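Engineer: Contents of query.cif (mmCIF, C-alpha atoms) are given next:
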```cif
data_my_file
#
loop_
_atom_site.label_atom_id
_atom_site.label_comp_id
_atom_site.auth_asym_id
_atom_site.auth_seq_id
_atom_site.Cartn_x
_atom_site.Cartn_y
_atom_site.Cartn_z
CA MET Z 17 -5.09 22.26 -33.68
CA ALA Z 18 -5.75 19.46 -31.19
CA ARG Z 19 -8.91 19.84 -29.18
CA GLY Z 20 -8.33 20.25 -25.45
CA ARG Z 21 -10.11 18.28 -22.79
CA ALA Z 22 -13.49 19.48 -21.62
CA ALA Z 23 -13.76 21.25 -18.29
CA GLY Z 24 -14.31 18.70 -15.56
CA TYR Z 25 -12.66 15.86 -17.50
CA ASP Z 26 -10.27 14.95 -14.69
CA ASP Z 27 -13.00 15.12 -12.05
CA GLN Z 28 -15.22 12.83 -14.11
CA ARG Z 29 -12.33 10.44 -14.65
CA GLU Z 30 -11.66 10.26 -10.91
CA ALA Z 31 -15.37 9.71 -10.23
CA ILE Z 32 -15.39 6.79 -12.68
CA LEU Z 33 -12.35 5.26 -10.98
CA ALA Z 34 -14.01 5.61 -7.57
CA HIS Z 35 -17.20 3.90 -8.76
CA ALA Z 36 -15.23 1.15 -10.52
CA ALA Z 37 -13.08 0.53 -7.43
CA GLU Z 38 -16.19 0.18 -5.26
CA LEU Z 39 -17.77 -2.26 -7.69
CA PHE Z 40 -14.58 -4.30 -8.07
CA ALA Z 41 -14.15 -4.35 -4.27
CA HIS Z 42 -17.69 -5.60 -3.66
CA ARG Z 43 -18.30 -7.83 -6.69
CA GLY Z 44 -14.77 -8.67 -7.79
CA TYR Z 45 -13.15 -7.64 -11.04
CA ALA Z 46 -14.42 -10.69 -12.91
CA GLY Z 47 -17.96 -10.12 -11.64
CA THR Z 48 -18.20 -6.50 -12.81
CA THR Z 49 -19.03 -5.36 -16.35
CA MET Z 50 -18.55 -2.06 -18.12
CA ASN Z 51 -22.35 -1.80 -18.14
CA ASP Z 52 -22.34 -2.02 -14.34
CA ILE Z 53 -19.74 0.74 -14.13
CA ALA Z 54 -21.57 2.97 -16.59
CA ASP Z 55 -24.82 2.54 -14.64
CA ALA Z 56 -23.10 3.32 -11.32
CA CYS Z 57 -21.61 6.49 -12.84
CA GLY Z 58 -24.85 7.55 -14.50
CA LEU Z 59 -23.14 7.54 -17.88
CA SER Z 60 -23.75 5.86 -21.18
CA LYS Z 61 -21.30 3.10 -22.04
CA ALA Z 62 -20.15 5.16 -25.03
CA THR Z 63 -19.23 8.02 -22.68
CA LEU Z 64 -17.45 5.61 -20.35
CA TYR Z 65 -15.32 4.36 -23.25
CA HIS Z 66 -14.35 7.98 -23.91
CA TYR Z 67 -12.46 7.89 -20.60
CA PHE Z 68 -11.24 4.27 -20.46
CA ARG Z 69 -10.80 1.95 -23.40
CA ASP Z 70 -11.86 -1.17 -21.44
CA LYS Z 71 -12.26 -2.71 -17.99
CA HIS Z 72 -8.59 -3.70 -17.82
CA ALA Z 73 -7.56 -0.06 -18.27
CA LEU Z 74 -9.72 0.80 -15.26
CA LEU Z 75 -8.06 -1.93 -13.19
CA VAL Z 76 -4.59 -0.70 -14.15
CA SER Z 77 -5.46 2.89 -13.21
CA ILE Z 78 -6.94 1.88 -9.85
CA CYS Z 79 -4.02 -0.35 -8.83
CA GLU Z 80 -1.26 1.86 -10.16
CA GLY Z 81 -2.81 5.05 -8.85
CA HIS Z 82 -3.03 3.61 -5.34
CA VAL Z 83 0.56 2.36 -5.15
CA LEU Z 84 1.95 5.50 -6.76
CA THR Z 85 0.20 7.63 -4.14
CA LEU Z 86 1.77 5.56 -1.35
CA ARG Z 87 5.18 5.59 -3.01
CA ALA Z 88 5.05 9.38 -3.46
CA LEU Z 89 4.33 10.03 0.20
CA ALA Z 90 7.14 7.65 1.20
CA ASP Z 91 9.54 9.53 -1.08
CA GLU Z 92 8.35 12.85 0.35
CA ILE Z 93 9.00 11.76 3.93
CA GLY Z 94 12.24 10.04 2.96
CA ALA Z 95 13.57 13.35 1.64
CA GLN Z 96 12.98 15.06 4.98
CA GLN Z 97 15.86 15.43 7.41
CA LEU Z 98 14.36 13.37 10.22
CA ASP Z 99 15.89 10.93 12.68
CA PRO Z 100 14.92 7.30 12.07
CA GLU Z 101 12.16 6.99 14.68
CA PRO Z 102 10.29 10.21 13.79
CA LYS Z 103 10.67 9.27 10.12
CA LEU Z 104 9.23 5.81 10.73
CA ARG Z 105 6.34 7.25 12.71
CA ALA Z 106 5.66 9.77 9.95
CA LEU Z 107 5.68 7.01 7.32
CA ILE Z 108 3.22 4.90 9.30
CA HIS Z 109 0.97 7.88 9.99
CA ARG Z 110 0.87 8.96 6.35
CA ILE Z 111 0.31 5.45 5.00
CA VAL Z 112 -2.57 4.78 7.40
CA ALA Z 113 -4.06 8.22 6.71
CA ALA Z 114 -3.78 7.59 2.96
CA TYR Z 115 -6.21 4.71 3.38
CA THR Z 116 -8.95 7.21 4.21
CA GLY Z 117 -11.25 6.95 1.23
CA ALA Z 118 -8.95 4.39 -0.44
CA GLN Z 119 -10.27 1.18 1.12
CA HIS Z 120 -11.89 0.09 -2.14
CA ALA Z 121 -8.76 0.75 -4.19
CA HIS Z 122 -6.68 -1.14 -1.66
CA ARG Z 123 -9.00 -4.13 -1.71
CA VAL Z 124 -8.81 -4.13 -5.53
CA LEU Z 125 -5.02 -4.02 -5.37
CA THR Z 126 -4.98 -6.88 -2.88
CA ASP Z 127 -7.56 -9.12 -4.55
CA ASP Z 128 -7.46 -8.31 -8.26
CA VAL Z 129 -3.84 -7.53 -9.16
CA ARG Z 130 -3.68 -11.09 -10.54
CA PHE Z 131 -5.95 -10.02 -13.39
CA LEU Z 132 -3.41 -7.50 -14.70
CA ASP Z 133 -1.38 -8.27 -17.78
CA ALA Z 134 2.15 -9.41 -16.99
CA ASP Z 135 3.83 -6.08 -17.79
CA ASP Z 136 1.27 -4.03 -15.87
CA ARG Z 137 1.37 -6.39 -12.91
CA GLU Z 138 5.17 -6.26 -12.75
CA ARG Z 139 5.13 -2.46 -12.89
CA VAL Z 140 2.56 -2.21 -10.07
CA LEU Z 141 4.32 -4.81 -7.94
CA GLY Z 142 7.65 -3.11 -8.62
CA THR Z 143 6.24 0.11 -7.17
CA GLU Z 144 5.01 -1.87 -4.16
CA ARG Z 145 8.46 -3.35 -3.68
CA ALA Z 146 10.01 0.12 -3.82
CA LEU Z 147 7.58 1.29 -1.14
CA VAL Z 148 8.46 -1.65 1.11
CA ALA Z 149 12.17 -1.02 0.54
CA ALA Z 150 11.80 2.65 1.52
CA VAL Z 151 10.15 1.73 4.81
CA ALA Z 152 12.63 -1.11 5.42
CA ARG Z 153 15.52 1.33 5.09
CA THR Z 154 14.01 3.41 7.87
CA VAL Z 155 13.49 0.32 10.04
CA ALA Z 156 17.12 -0.62 9.41
CA ALA Z 157 18.29 2.88 10.33
CA MET Z 158 16.40 2.69 13.63
CA ARG Z 159 17.66 -0.81 14.46
CA PRO Z 160 20.92 -1.50 12.57
CA ASP Z 161 21.41 -4.69 14.58
CA LEU Z 162 18.20 -6.11 13.19
CA ALA Z 163 19.26 -5.08 9.71
CA ASP Z 164 22.51 -6.99 10.24
CA ALA Z 165 20.39 -10.03 11.13
CA ALA Z 166 18.46 -9.61 7.86
CA LEU Z 167 15.27 -8.74 9.75
CA ALA Z 168 14.55 -5.24 8.42
CA LYS Z 169 12.44 -6.40 5.48
CA PRO Z 170 10.56 -9.20 7.32
CA LEU Z 171 9.64 -6.74 10.09
CA THR Z 172 8.54 -4.21 7.49
CA MET Z 173 6.32 -6.86 5.92
CA LEU Z 174 4.78 -7.48 9.35
CA LEU Z 175 4.02 -3.76 9.54
CA PHE Z 176 2.35 -3.79 6.14
CA GLY Z 177 0.46 -6.93 7.12
CA MET Z 178 -0.99 -5.03 10.07
CA VAL Z 179 -1.80 -1.91 8.07
CA ASN Z 180 -2.96 -3.53 4.85
CA TRP Z 181 -5.66 -5.59 6.50
CA MET Z 182 -7.16 -2.73 8.48
CA PHE Z 183 -9.67 -2.32 5.64
CA THR Z 184 -11.24 -5.70 6.49
CA TRP Z 185 -12.38 -4.62 9.95
CA PHE Z 186 -11.70 -0.93 10.67
CA ARG Z 187 -14.76 1.28 10.41
CA ALA Z 188 -14.04 4.94 11.04
CA GLY Z 189 -16.60 6.73 13.12
CA GLY Z 190 -17.14 8.22 16.53
CA THR Z 191 -13.85 8.95 18.25
CA LEU Z 192 -11.79 6.75 15.92
CA ASP Z 193 -10.81 7.65 12.39
CA HIS Z 194 -7.65 7.00 10.40
CA GLU Z 195 -5.99 10.17 11.66
CA THR Z 196 -6.50 9.26 15.31
CA PHE Z 197 -5.74 5.58 14.80
CA ALA Z 198 -2.46 6.13 12.91
CA PRO Z 199 -0.41 7.11 16.03
CA ILE Z 200 -1.70 3.98 17.78
CA VAL Z 201 -0.42 1.82 14.93
CA ALA Z 202 2.91 3.65 15.11
CA ASP Z 203 3.13 3.12 18.88
CA LEU Z 204 2.49 -0.60 18.49
CA PHE Z 205 5.06 -1.10 15.76
CA VAL Z 206 7.78 1.22 17.09
CA GLY Z 207 7.35 -0.14 20.62
CA GLY Z 208 7.56 -3.68 19.32
CA LEU Z 209 10.55 -2.81 17.18
CA ARG Z 210 12.39 -1.47 20.22
CA ALA Z 211 11.65 -4.70 22.12
CA THR Z 212 12.64 -7.06 19.29
CA HIS Z 213 15.79 -9.13 19.81
CA ALA Z 214 17.84 -10.44 16.96
CA PRO Z 215 18.08 -14.24 17.12
CA ALA Z 216 21.39 -15.62 18.29
CA PRO Z 217 23.50 -16.84 15.37
CA GLU Z 218 23.40 -20.60 14.89
CA LEU Z 219 26.60 -22.44 15.66
CA ASP Z 220 27.98 -24.92 13.19
CA ALA Z 221 28.99 -28.39 14.43
CA PHE Z 222 32.63 -27.42 14.98
CA GLN Z 223 31.67 -24.35 17.01
CA GLU Z 224 29.24 -26.41 19.08
CA MET Z 225 31.95 -28.94 19.93
CA ARG Z 226 34.32 -26.16 21.01
CA ALA Z 227 31.56 -24.57 23.11
CA LEU Z 228 30.89 -27.90 24.89
CA ARG Z 229 34.58 -28.36 25.69
CA ALA Z 230 34.98 -24.83 27.02
#
```
How does the structure come out when it is put into structure tokens?
Structural biologist:
Amino acid sequence: MARGRAAGYDDQREAILAHAAELFAHRGYAGTTMNDIADACGLSKATLYHYFRDKHALLVSICEGHVLTLRALADEIGAQQLDPEPKLRALIHRIVAAYTGAQHAHRVLTDDVRFLDADDRERVLGTERALVAAVARTVAAMRPDLADAALAKPLTMLLFGMVNWMFTWFRAGGTLDHETFAPIVADLFVGGLRATHAPAPELDAFQEMRALRA
């Protein structure tokens, strides 16, 4: 009969991932060794290898775990019967809130995804693309005219640009934390989305000549 996992296995695994993410975020993936991770965890390297076969496996778990968490919350909100604006606000709030305690994992995803093997990188980036598409659908539902002008995805990317780089400067504390800051981010984006005008369609040469003669 197969031997089951020891009590606390999952907790220890998550602790290893947290320590590895912090080291990768501060030193870079290439600048971190399995010895460094074992020391940070207070484990022997042999014990560390019991949980992860190598450093690349740690990188895959950190990157994939982060994007899967974000994708799951987007799917959860997408399944709710909400009008477009409340749904968009809920998505922004949950994504920003999900960054609480995940700044290291997000920095690893941003900086070190290039070190993944091709198949792993494509899988992680595919999950990212699905997340962006889910939010873009909500943007398009709120402003169909912008979707018709092919602006739903570019605007969504602007939103992620704003949110994704919060980890470089935002320091929770005092009266501001991710929970209180999330509605502010939503106000900025939703307010800007309401005020956005689709560019006028370009006229071809024949149309321009007709317009001049009119």
Engineer: Report the distance between CA of Ile32 in chain Z and CA of Lys61 in chain Z in Å, rounded to one decimal place.
Structural biologist: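 Interatomic distance here is 11.7 Å.
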Engineer: List the residues selected by the PyMOL selection byres ((chain Z and resi 158) around 12) in the file shown, writing them as JSON, numbers by chain.
Structural biologist: {"Z": [98, 99, 100, 101, 102, 103, 104, 105, 151, 152, 153, 154, 155, 156, 157, 159, 160, 161, 162, 163, 164, 168, 206, 207, 209, 210, 212]}
Engineer: Which one is closest to Cys79 in chain Z: Z:Leu167, Z:Ala54, Z:Leu141, Z:Ile93? Count all atoms listed in the file.
Structural biologist: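 Comparing Z:Leu167, Z:Ala54, Z:Leu141, Z:Ile93 against Cys79 in chain Z, the winner is Z:Leu141.
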Engineer: Between CA of Met173 in chain Z and CA of Thr191 in chain Z, measure the distance and give it in Å to one decimal.
Structural biologist: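 Between CA of Met173 in chain Z and CA of Thr191 in chain Z the gap works out to 28.4 Å.
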Engineer: With all atoms listed in the file as the counted atoms, please give the residues lying no more than 12 Å from range 124-134 of chain Z, apart from itself and same-chain residues fewer than 3 positions off, as a PyMOL selection string.
Structural biologist: chain Z and resi 33-34+36-48+71-84+118-121+137-142+144+177+180-181+183-184
Engineer: Pick out the closest residue to Phe197 in chain Z from this set: Z:Ala214, Z:Val148, Z:Arg110, Z:Asp135. Count only C-alpha atoms.
Structural biologist: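 Checking each candidate against Phe197 in chain Z, we get Z:Arg110 as the closest.
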Engineer: What does the structure give for the distance between CA of Glu30 in chain Z and CA of Ala95 in chain Z, in Å to one decimal?
Structural biologist: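 CA of Glu30 in chain Z sits 28.3 Å away from CA of Ala95 in chain Z.
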Engineer: Find the residue from Z:Val179, Z:Gly208, Z:Tyr115, Z:Leu59 that sits nearest to Asp193 in chain Z; use all atoms listed in the file when measuring.
Structural biologist: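 Using all atoms listed in the file, the shortest distance to Asp193 in chain Z belongs to Z:Tyr115.
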Engineer: Go through Z:Ala113, Z:Ala202, Z:Leu171, Z:Leu147 and flag the residue nearest Ala188 in chain Z, using all atoms listed in the file for the distances.
Structural biologist: Z:Ala113
Engineer: Would you compute, for all listed atoms of range 22-31 of chain Z, the axis-aligned bounding box grown by 8 Å on each side, and then report its centre and edge lengths in Å rounded to one decimal, as AutoDock Vina command-line options?
Structural biologist:
```
--center_x -12.8 --center_y 15.5 --center_z -15.9 --size_x 21.1 --size_y 27.5 --size_z 27.4
```
